[in-house]
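What follows is a set of notes on a single structure, which appears directly below.
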Amino acid sequence: MTVDTLRFATAGSVDDGKSTLVGRLLHDSKSILTDQLEAVEHASRNRGQSAPDLALLTDGLRAEREQGITIDVAYRYFATARRRFILADTPGHVQYTRNMVTGASTADLAVVLVDARNGVIEQTRRHAAIAALLRVPHVVLAVNKMDLVEYKESVFAAIAEEFTAYASELGVPEITAIPISALAGDNVVDASANMDWYGGPTVLEHLETVPVSHDLAHCHARLPVQYVIRPQTPEHPDYRGYAGQIAAGSFRVGESVTVLPSGRTSTISGIDLLGKPVETAWTTQSVTVLLADDIDISRGDLIVPSKDAPATTRDIEATVCHVADEPLTVGHRVLLKHGTRTVKATVKDIPSRLTLDDLSLHPHPGQLVANDIGRVNIRTAEPLPLDAYADSRRTGSFILIDPADGTTLTAGMAGADSTAHPHQPSTHPTAM
């Protein structure tokens, strides 16, 4: 039986228990080594705790352990008999929201934690909005610390209803709410004896069974060129290969392709994978493509099927999440990085900023500050072959960079305005 992989990210406000939930998942699914557990027990004793603090399994940085918070995105890999997992435990502090964008950008599922005592707060809404903008297919609302509200069904139901209504309006396609206590282990790996009114899956059961559709293989085929290989050796005097990781779709020998932005066309004469020729290659494989014609191709160019080539443009409309401390303003000169290509660009307009409280739009704010979500119009110095983010999360995304110091300013999703008209989910959310 083939075991597939689920990529998921955890998010939530400070002290909602994200790291404890991840630690509980690892501990109760027996996915940690003895020496790791011993290190956590030792660190817990040094902090005066009688029981192991499972949050330390993911809070790996010393500063995090000393403060009891998560600063960076902590990646962990584990597996059960049913599925492999790649998880990203992201920070809860507002100033680290940019890390949630990083963790969720490639996720199939996002777990948003809410403290049962506090309910849905602004940071919860921000994380739901980011999950919607990044088109994360599945969202789990984990209502944590149910032990501190006496495991009351009414508390869970009210929070689940409020979050589901909000996330659905944003367009999140599937929402599953689960009442848990990460500290006590209720409904994380094992079903809770304290909440017999809940008949749904535990967190791990849901993670093991949620459908994962790795649709990149069915997206428009795209190969960003990273390196041109010309050995010029006696064995390979005329070898010219174009190396890169296939961002989406698949390529095959004999296929007609177009190189963008030049628009020159050719035919794939060979594909090398791990030093051996293959007939077909697909998403995430790192390959070297050989073409029948001698074309001027360099790093940053994009190889695509001729029958499915995106239009190139210098005018980009996008939804963005601003992640830098420095505001993004109209007239801002930036570098835009798309795939392996980086070009100069200017922010021509900021039509709107999303207000998280009621999902209304603030027109023409003039600037976006840290953690703002809004619409931007960008003019690039050179044409770019961008897909719509709705069609391909990998080739429809880009980042804006400060040309002075290389700081990442903004994460962008190209295409139609997804914030102006909140759309309805494609499936009915599961509240309980």
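Lettering and numbering for the structure tokens are positional, with chains as A, B, ... in the shown order, residues counted from 1 in each chain, and ligands counted from 1 in the shown order.
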*From range 189-285 of chain A, collect each residue whose DSSP state is helix (DSSP H, G or I) and return the set as an MDAnalysis selection string.*
chainID A and resid 203:209 215:218
Any chance you can output those residues with N, CA, C and O atoms as a PDB file, in the first residue's frame?
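Final file, selection.pdb:
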ATOM      1  N   VAL A 203      -7.923  14.689  16.356  1.00  0.00           N
ATOM      2  CA  VAL A 203      -7.081  15.440  15.432  1.00  0.00           C
ATOM      3  C   VAL A 203      -6.276  14.488  14.548  1.00  0.00           C
ATOM      4  O   VAL A 203      -6.235  14.643  13.325  1.00  0.00           O
ATOM      5  N   LEU A 204      -5.647  13.480  15.148  1.00  0.00           N
ATOM      6  CA  LEU A 204      -4.832  12.562  14.356  1.00  0.00           C
ATOM      7  C   LEU A 204      -5.689  11.751  13.389  1.00  0.00           C
ATOM      8  O   LEU A 204      -5.292  11.531  12.239  1.00  0.00           O
ATOM      9  N   GLU A 205      -6.856  11.319  13.817  1.00  0.00           N
ATOM     10  CA  GLU A 205      -7.740  10.581  12.914  1.00  0.00           C
ATOM     11  C   GLU A 205      -8.085  11.414  11.689  1.00  0.00           C
ATOM     12  O   GLU A 205      -8.104  10.914  10.558  1.00  0.00           O
ATOM     13  N   HIS A 206      -8.356  12.695  11.914  1.00  0.00           N
ATOM     14  CA  HIS A 206      -8.693  13.568  10.787  1.00  0.00           C
ATOM     15  C   HIS A 206      -7.478  13.763   9.879  1.00  0.00           C
ATOM     16  O   HIS A 206      -7.600  13.724   8.646  1.00  0.00           O
ATOM     17  N   LEU A 207      -6.297  13.971  10.489  1.00  0.00           N
ATOM     18  CA  LEU A 207      -5.091  14.146   9.691  1.00  0.00           C
ATOM     19  C   LEU A 207      -4.778  12.901   8.865  1.00  0.00           C
ATOM     20  O   LEU A 207      -4.274  12.993   7.742  1.00  0.00           O
ATOM     21  N   GLU A 208      -5.095  11.740   9.404  1.00  0.00           N
ATOM     22  CA  GLU A 208      -4.811  10.485   8.702  1.00  0.00           C
ATOM     23  C   GLU A 208      -5.788  10.204   7.565  1.00  0.00           C
ATOM     24  O   GLU A 208      -5.455   9.476   6.629  1.00  0.00           O
ATOM     25  N   THR A 209      -6.977  10.772   7.638  1.00  0.00           N
ATOM     26  CA  THR A 209      -8.023  10.385   6.684  1.00  0.00           C
ATOM     27  C   THR A 209      -8.482  11.502   5.749  1.00  0.00           C
ATOM     28  O   THR A 209      -9.201  11.232   4.786  1.00  0.00           O
ATOM     29  N   ASP A 215      -2.662  18.240  -6.532  1.00  0.00           N
ATOM     30  CA  ASP A 215      -3.092  18.590  -7.877  1.00  0.00           C
ATOM     31  C   ASP A 215      -2.016  19.277  -8.702  1.00  0.00           C
ATOM     32  O   ASP A 215      -2.254  19.638  -9.848  1.00  0.00           O
ATOM     33  N   LEU A 216      -0.807  19.464  -8.136  1.00  0.00           N
ATOM     34  CA  LEU A 216       0.245  20.087  -8.919  1.00  0.00           C
ATOM     35  C   LEU A 216       0.565  19.277 -10.174  1.00  0.00           C
ATOM     36  O   LEU A 216       0.940  19.816 -11.206  1.00  0.00           O
ATOM     37  N   ALA A 217       0.408  17.955 -10.055  1.00  0.00           N
ATOM     38  CA  ALA A 217       0.702  17.102 -11.208  1.00  0.00           C
ATOM     39  C   ALA A 217      -0.269  17.360 -12.353  1.00  0.00           C
ATOM     40  O   ALA A 217       0.018  17.057 -13.511  1.00  0.00           O
ATOM     41  N   HIS A 218      -1.436  17.911 -12.033  1.00  0.00           N
ATOM     42  CA  HIS A 218      -2.449  18.169 -13.048  1.00  0.00           C
ATOM     43  C   HIS A 218      -2.518  19.643 -13.422  1.00  0.00           C
ATOM     44  O   HIS A 218      -3.358  20.040 -14.218  1.00  0.00           O
TER      45      HIS A 218
END
_I'd like to know which residues of range 160-340 of chain A are strand (DSSP E or B) (by DSSP, run on the backbone); could you write them as number ranges by chain?_
A: 175-179, 181, 186, 190, 222-224, 227-229, 241-245, 248, 250-252, 256-260, 264-273, 276-278, 280-282, 286-291, 302-305, 313-322, 328-329, 333-338
*asked:* Please list as a PyMOL selection string every residue within 10 Å of range 79-86 of chain A, counting only C-alpha atoms and excluding residues in the same chain fewer than 3 positions away.
replied: chain A and resi 1-9+26+29-31+75-76+107+204-205+207-209
_Using only C-alpha atoms, can you tell me which of A:Thr164, A:Gly12, A:Lys152, A:Asp147 comes closest to Asp89 in chain A?_
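Between A:Thr164, A:Gly12, A:Lys152, A:Asp147, the residue approaching Asp89 in chain A most closely is A:Gly12.
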*Could you work out how far CA of Thr395 in chain A lies from CA of Ala221 in chain A, giving the answer in Å with one decimal?*
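For CA of Ala221 in chain A relative to CA of Thr395 in chain A, the distance reads 9.7 Å.
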*Hey, what's within 9 Å of Ser250 in chain A if we count only C-alpha atoms and toss same-chain stuff fewer than 4 positions away? As a count of residues only, please?*
11
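For the atom pair formed by CA of Val289 in chain A and CA of Thr340 in chain A, the distance is 16.0 Å, given to one decimal.
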Contacts of range 252-268 of chain A at 12 Å or less, counting only C-alpha atoms, minus same-chain residues fewer than 3 places along, as a JSON list (two decimals) with N, CA, C and O atoms, in the first residue's frame?
[["chain", "number", "residue", "atom", "x", "y", "z"],
["A", 221, "ALA", "N", 1.98, 22.66, -16.85],
["A", 221, "ALA", "CA", 3.37, 22.24, -16.70],
["A", 221, "ALA", "C", 4.30, 23.46, -16.77],
["A", 221, "ALA", "O", 4.20, 24.28, -17.69],
["A", 222, "ARG", "N", 5.19, 23.57, -15.78],
["A", 222, "ARG", "CA", 6.09, 24.71, -15.69],
["A", 222, "ARG", "C", 7.46, 24.25, -15.18],
["A", 222, "ARG", "O", 7.54, 23.56, -14.16],
["A", 223, "LEU", "N", 8.53, 24.66, -15.87],
["A", 223, "LEU", "CA", 9.90, 24.36, -15.43],
["A", 223, "LEU", "C", 10.71, 25.65, -15.39],
["A", 223, "LEU", "O", 11.19, 26.13, -16.43],
["A", 224, "PRO", "N", 10.88, 26.25, -14.20],
["A", 224, "PRO", "CA", 11.75, 27.42, -14.08],
["A", 224, "PRO", "C", 13.22, 26.97, -14.22],
["A", 224, "PRO", "O", 13.66, 26.06, -13.52],
["A", 225, "VAL", "N", 13.96, 27.60, -15.10],
["A", 225, "VAL", "CA", 15.36, 27.23, -15.31],
["A", 225, "VAL", "C", 16.22, 27.80, -14.19],
["A", 225, "VAL", "O", 16.22, 29.01, -13.95],
["A", 241, "GLY", "N", 22.17, 21.50, -21.41],
["A", 241, "GLY", "CA", 20.95, 21.12, -20.69],
["A", 241, "GLY", "C", 20.46, 22.26, -19.81],
["A", 241, "GLY", "O", 21.24, 23.10, -19.36],
["A", 242, "TYR", "N", 19.16, 22.24, -19.58],
["A", 242, "TYR", "CA", 18.54, 23.30, -18.77],
["A", 242, "TYR", "C", 17.96, 22.65, -17.51],
["A", 242, "TYR", "O", 16.99, 21.89, -17.58],
["A", 246, "ILE", "N", 10.81, 20.86, -11.55],
["A", 246, "ILE", "CA", 9.51, 21.06, -12.18],
["A", 246, "ILE", "C", 8.54, 21.60, -11.14],
["A", 246, "ILE", "O", 8.28, 20.97, -10.13],
["A", 249, "GLY", "N", 2.89, 20.16, -13.08],
["A", 249, "GLY", "CA", 2.64, 19.41, -14.29],
["A", 249, "GLY", "C", 3.72, 18.39, -14.61],
["A", 249, "GLY", "O", 4.51, 18.00, -13.75],
["A", 271, "ILE", "N", 15.38, 14.11, -21.54],
["A", 271, "ILE", "CA", 15.21, 14.51, -20.14],
["A", 271, "ILE", "C", 16.13, 13.63, -19.30],
["A", 271, "ILE", "O", 16.05, 12.39, -19.37],
["A", 272, "ASP", "N", 17.02, 14.25, -18.53],
["A", 272, "ASP", "CA", 17.91, 13.52, -17.65],
["A", 272, "ASP", "C", 17.44, 13.67, -16.20],
["A", 272, "ASP", "O", 17.20, 14.79, -15.73],
["A", 277, "PRO", "N", 18.66, 8.99, -18.58],
["A", 277, "PRO", "CA", 17.59, 9.49, -19.44],
["A", 277, "PRO", "C", 16.24, 8.87, -19.09],
["A", 277, "PRO", "O", 16.16, 7.68, -18.77],
["A", 278, "VAL", "N", 15.19, 9.70, -19.12],
["A", 278, "VAL", "CA", 13.82, 9.23, -18.89],
["A", 278, "VAL", "C", 12.92, 9.81, -19.96],
["A", 278, "VAL", "O", 13.27, 10.80, -20.62],
["A", 279, "GLU", "N", 11.77, 9.19, -20.15],
["A", 279, "GLU", "CA", 10.84, 9.66, -21.15],
["A", 279, "GLU", "C", 9.91, 10.75, -20.63],
["A", 279, "GLU", "O", 9.49, 11.63, -21.37],
["A", 280, "THR", "N", 9.59, 10.66, -19.32],
["A", 280, "THR", "CA", 8.64, 11.60, -18.71],
["A", 280, "THR", "C", 9.14, 12.01, -17.33],
["A", 280, "THR", "O", 9.75, 11.22, -16.61],
["A", 281, "ALA", "N", 8.89, 13.26, -16.96],
["A", 281, "ALA", "CA", 9.20, 13.75, -15.62],
["A", 281, "ALA", "C", 8.05, 14.63, -15.15],
["A", 281, "ALA", "O", 7.34, 15.22, -15.96],
["A", 282, "TRP", "N", 7.87, 14.71, -13.83],
["A", 282, "TRP", "CA", 6.71, 15.42, -13.32],
["A", 282, "TRP", "C", 7.05, 16.24, -12.09],
["A", 282, "TRP", "O", 8.20, 16.32, -11.65],
["A", 287, "VAL", "N", 15.29, 17.98, -12.77],
["A", 287, "VAL", "CA", 15.66, 17.36, -14.05],
["A", 287, "VAL", "C", 16.54, 18.30, -14.86],
["A", 287, "VAL", "O", 16.66, 19.49, -14.55],
["A", 288, "THR", "N", 17.13, 17.73, -15.90],
["A", 288, "THR", "CA", 17.81, 18.52, -16.92],
["A", 288, "THR", "C", 17.13, 18.23, -18.25],
["A", 288, "THR", "O", 17.05, 17.07, -18.67],
["A", 289, "VAL", "N", 16.63, 19.27, -18.88],
["A", 289, "VAL", "CA", 15.91, 19.13, -20.14],
["A", 289, "VAL", "C", 16.84, 19.53, -21.29],
["A", 289, "VAL", "O", 17.52, 20.55, -21.23],
["A", 290, "LEU", "N", 16.85, 18.71, -22.35],
["A", 290, "LEU", "CA", 17.60, 19.02, -23.56],
["A", 290, "LEU", "C", 16.62, 19.35, -24.68],
["A", 290, "LEU", "O", 15.57, 18.69, -24.80],
["A", 291, "LEU", "N", 16.94, 20.35, -25.48],
["A", 291, "LEU", "CA", 16.06, 20.78, -26.56],
["A", 291, "LEU", "C", 16.68, 20.50, -27.92],
["A", 291, "LEU", "O", 17.92, 20.46, -28.07],
["A", 292, "ALA", "N", 15.83, 20.34, -28.90],
["A", 292, "ALA", "CA", 16.30, 20.02, -30.25],
["A", 292, "ALA", "C", 16.97, 21.21, -30.92],
["A", 292, "ALA", "O", 17.80, 21.05, -31.81],
["A", 293, "ASP", "N", 16.63, 22.43, -30.48],
["A", 293, "ASP", "CA", 17.17, 23.63, -31.12],
["A", 293, "ASP", "C", 18.07, 24.39, -30.15],
["A", 293, "ASP", "O", 17.89, 24.34, -28.92],
["A", 294, "ASP", "N", 19.04, 25.09, -30.71],
["A", 294, "ASP", "CA", 19.96, 25.90, -29.91],
["A", 294, "ASP", "C", 19.31, 27.25, -29.64],
["A", 294, "ASP", "O", 19.26, 28.13, -30.50],
["A", 295, "ILE", "N", 18.78, 27.39, -28.41],
["A", 295, "ILE", "CA", 18.06, 28.62, -28.04],
["A", 295, "ILE", "C", 18.82, 29.31, -26.90],
["A", 295, "ILE", "O", 19.38, 28.65, -26.02],
["A", 296, "ASP", "N", 18.84, 30.62, -26.92],
["A", 296, "ASP", "CA", 19.47, 31.39, -25.85],
["A", 296, "ASP", "C", 18.57, 31.34, -24.62],
["A", 296, "ASP", "O", 17.55, 32.03, -24.55],
["A", 297, "ILE", "N", 18.93, 30.51, -23.66],
["A", 297, "ILE", "CA", 18.15, 30.35, -22.43],
["A", 297, "ILE", "C", 19.08, 30.57, -21.24],
["A", 297, "ILE", "O", 20.23, 30.13, -21.25],
["A", 298, "SER", "N", 18.58, 31.25, -20.23],
["A", 298, "SER", "CA", 19.39, 31.49, -19.04],
["A", 298, "SER", "C", 18.55, 31.32, -17.78],
["A", 298, "SER", "O", 17.32, 31.13, -17.87],
["A", 299, "ARG", "N", 19.19, 31.39, -16.62],
["A", 299, "ARG", "CA", 18.49, 31.28, -15.35],
["A", 299, "ARG", "C", 17.37, 32.31, -15.29],
["A", 299, "ARG", "O", 17.55, 33.47, -15.67],
["A", 300, "GLY", "N", 16.20, 31.87, -14.83],
["A", 300, "GLY", "CA", 15.05, 32.77, -14.72],
["A", 300, "GLY", "C", 14.05, 32.58, -15.84],
["A", 300, "GLY", "O", 12.90, 33.00, -15.71],
["A", 301, "ASP", "N", 14.48, 31.94, -16.94],
["A", 301, "ASP", "CA", 13.53, 31.65, -18.01],
["A", 301, "ASP", "C", 12.59, 30.52, -17.58],
["A", 301, "ASP", "O", 12.90, 29.75, -16.67],
["A", 302, "LEU", "N", 11.47, 30.41, -18.26],
["A", 302, "LEU", "CA", 10.46, 29.41, -17.92],
["A", 302, "LEU", "C", 10.15, 28.56, -19.15],
["A", 302, "LEU", "O", 9.82, 29.09, -20.21],
["A", 303, "ILE", "N", 10.29, 27.24, -19.00],
["A", 303, "ILE", "CA", 9.96, 26.31, -20.08],
["A", 303, "ILE", "C", 8.55, 25.78, -19.84],
["A", 303, "ILE", "O", 8.24, 25.27, -18.75],
["A", 304, "VAL", "N", 7.68, 25.91, -20.87],
["A", 304, "VAL", "CA", 6.28, 25.51, -20.73],
["A", 304, "VAL", "C", 5.84, 24.79, -22.01],
["A", 304, "VAL", "O", 6.45, 24.96, -23.07],
["A", 305, "PRO", "N", 4.79, 23.97, -21.93],
["A", 305, "PRO", "CA", 4.24, 23.37, -23.15],
["A", 305, "PRO", "C", 3.72, 24.47, -24.08],
["A", 305, "PRO", "O", 3.06, 25.41, -23.64],
["A", 306, "SER", "N", 4.02, 24.35, -25.37],
["A", 306, "SER", "CA", 3.59, 25.37, -26.32],
["A", 306, "SER", "C", 2.07, 25.50, -26.37],
["A", 306, "SER", "O", 1.53, 26.60, -26.57],
["A", 307, "LYS", "N", 1.37, 24.40, -26.16],
["A", 307, "LYS", "CA", -0.08, 24.43, -26.22],
["A", 307, "LYS", "C", -0.71, 24.99, -24.94],
["A", 307, "LYS", "O", -1.92, 25.18, -24.86],
["A", 308, "ASP", "N", 0.11, 25.24, -23.91],
["A", 308, "ASP", "CA", -0.42, 25.69, -22.62],
["A", 308, "ASP", "C", 0.49, 26.75, -22.02],
["A", 308, "ASP", "O", 0.86, 26.69, -20.85],
["A", 309, "ALA", "N", 0.86, 27.72, -22.84],
["A", 309, "ALA", "CA", 1.77, 28.77, -22.37],
["A", 309, "ALA", "C", 1.00, 29.93, -21.76],
["A", 309, "ALA", "O", 0.01, 30.39, -22.32],
["A", 310, "PRO", "N", 1.44, 30.42, -20.59],
["A", 310, "PRO", "CA", 0.76, 31.58, -19.99],
["A", 310, "PRO", "C", 1.13, 32.85, -20.74],
["A", 310, "PRO", "O", 2.17, 32.93, -21.40],
["A", 311, "ALA", "N", 0.26, 33.82, -20.65],
["A", 311, "ALA", "CA", 0.56, 35.12, -21.25],
["A", 311, "ALA", "C", 1.61, 35.84, -20.40],
["A", 311, "ALA", "O", 1.65, 35.69, -19.18],
["A", 312, "THR", "N", 2.47, 36.59, -21.05],
["A", 312, "THR", "CA", 3.43, 37.39, -20.31],
["A", 312, "THR", "C", 2.89, 38.81, -20.16],
["A", 312, "THR", "O", 2.18, 39.31, -21.03],
["A", 313, "THR", "N", 3.22, 39.43, -19.04],
["A", 313, "THR", "CA", 2.69, 40.77, -18.77],
["A", 313, "THR", "C", 3.66, 41.54, -17.90],
["A", 313, "THR", "O", 4.46, 40.95, -17.15],
["A", 314, "ARG", "N", 3.58, 42.85, -17.99],
["A", 314, "ARG", "CA", 4.33, 43.72, -17.09],
["A", 314, "ARG", "C", 3.42, 44.36, -16.05],
["A", 314, "ARG", "O", 3.90, 45.04, -15.15],
["A", 341, "ARG", "N", 13.25, 33.81, -11.41],
["A", 341, "ARG", "CA", 13.49, 35.09, -12.07],
["A", 341, "ARG", "C", 13.23, 36.25, -11.12],
["A", 341, "ARG", "O", 12.23, 36.27, -10.40],
["A", 382, "GLU", "N", 10.35, 44.10, -16.79],
["A", 382, "GLU", "CA", 10.39, 43.09, -17.85],
["A", 382, "GLU", "C", 9.13, 42.25, -17.77],
["A", 382, "GLU", "O", 8.56, 42.08, -16.69],
["A", 383, "PRO", "N", 8.69, 41.70, -18.90],
["A", 383, "PRO", "CA", 7.48, 40.87, -18.87],
["A", 383, "PRO", "C", 7.70, 39.58, -18.09],
["A", 383, "PRO", "O", 8.79, 38.99, -18.13],
["A", 384, "LEU", "N", 6.65, 39.13, -17.39],
["A", 384, "LEU", "CA", 6.72, 37.91, -16.59],
["A", 384, "LEU", "C", 5.57, 36.97, -16.98],
["A", 384, "LEU", "O", 4.45, 37.42, -17.22],
["A", 385, "PRO", "N", 5.84, 35.66, -17.01],
["A", 385, "PRO", "CA", 4.78, 34.68, -17.31],
["A", 385, "PRO", "C", 4.14, 34.15, -16.04],
["A", 385, "PRO", "O", 4.46, 33.05, -15.59],
["A", 386, "LEU", "N", 3.24, 34.91, -15.46],
["A", 386, "LEU", "CA", 2.58, 34.49, -14.22],
["A", 386, "LEU", "C", 1.28, 33.75, -14.51],
["A", 386, "LEU", "O", 0.49, 34.18, -15.35]]
*Nearest-residue call for Glu326 in chain A, choices A:Leu25, A:Val101, A:Ala411, A:Leu368, using only C-alpha atoms*: A:Leu368
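Among the candidate residues A:Thr380, A:Ser13, A:Thr408, A:Ser392, the one lying nearest to Thr124 in chain A is A:Ser13, with distances computed using only C-alpha atoms.
From CA of Ala404 in chain A back to CA of Cys321 in chain A, the distance works out to 20.4 Å.
Excluding Asn118 in chain A and any residue on its chain fewer than 2 positions from it, the residues at most 12 Å away by only C-alpha atoms are Gly12, Ser13, Val14, Asp15, Asp16, Leu113, Val114, Asp115, Ala116, Val120, Ile121, Glu122, Gln123, Thr124, Val143, Asn144, Lys145, Met146, Leu148, Val149, Val155, Phe156, Ala158 and Ile159 of chain A.
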*asked:* When you look at range 129-132 of chain A with a cut-off of 7 Å (counting only C-alpha atoms), what residues show up, excluding the ones that are within fewer than 5 positions of it in the same chain? I need them as a PyMOL selection string.
replied: chain A and resi 101+104+170-172
Those selected residues, please, written with N, CA and C atoms and delivered as a short mmCIF file (atom, residue, chain, number, x, y, z; two decimals), in the first residue's frame.
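And here's selection-v4.cif as it stands now:
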data_model
loop_
_atom_site.label_atom_id
_atom_site.label_comp_id
_atom_site.auth_asym_id
_atom_site.auth_seq_id
_atom_site.Cartn_x
_atom_site.Cartn_y
_atom_site.Cartn_z
N VAL A 101 2.53 32.74 7.02
CA VAL A 101 2.44 32.74 5.56
C VAL A 101 3.42 31.72 5.00
N ALA A 104 2.16 28.06 5.81
CA ALA A 104 0.92 27.64 5.17
C ALA A 104 0.98 27.68 3.64
N LEU A 170 -14.99 33.92 3.96
CA LEU A 170 -13.71 34.13 3.31
C LEU A 170 -13.52 33.21 2.11
N GLY A 171 -14.25 32.09 2.11
CA GLY A 171 -14.12 31.15 1.02
C GLY A 171 -13.32 29.91 1.34
N VAL A 172 -13.06 29.65 2.64
CA VAL A 172 -12.37 28.41 3.02
C VAL A 172 -13.26 27.23 2.62
#
*From the list A:Ala388, A:Met100, A:Val343, A:Ser286, which residue is nearest Gln245 in chain A when using only C-alpha atoms?*
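Of A:Ala388, A:Met100, A:Val343, A:Ser286, the one nearest Gln245 in chain A is A:Ser286, counting only C-alpha atoms.
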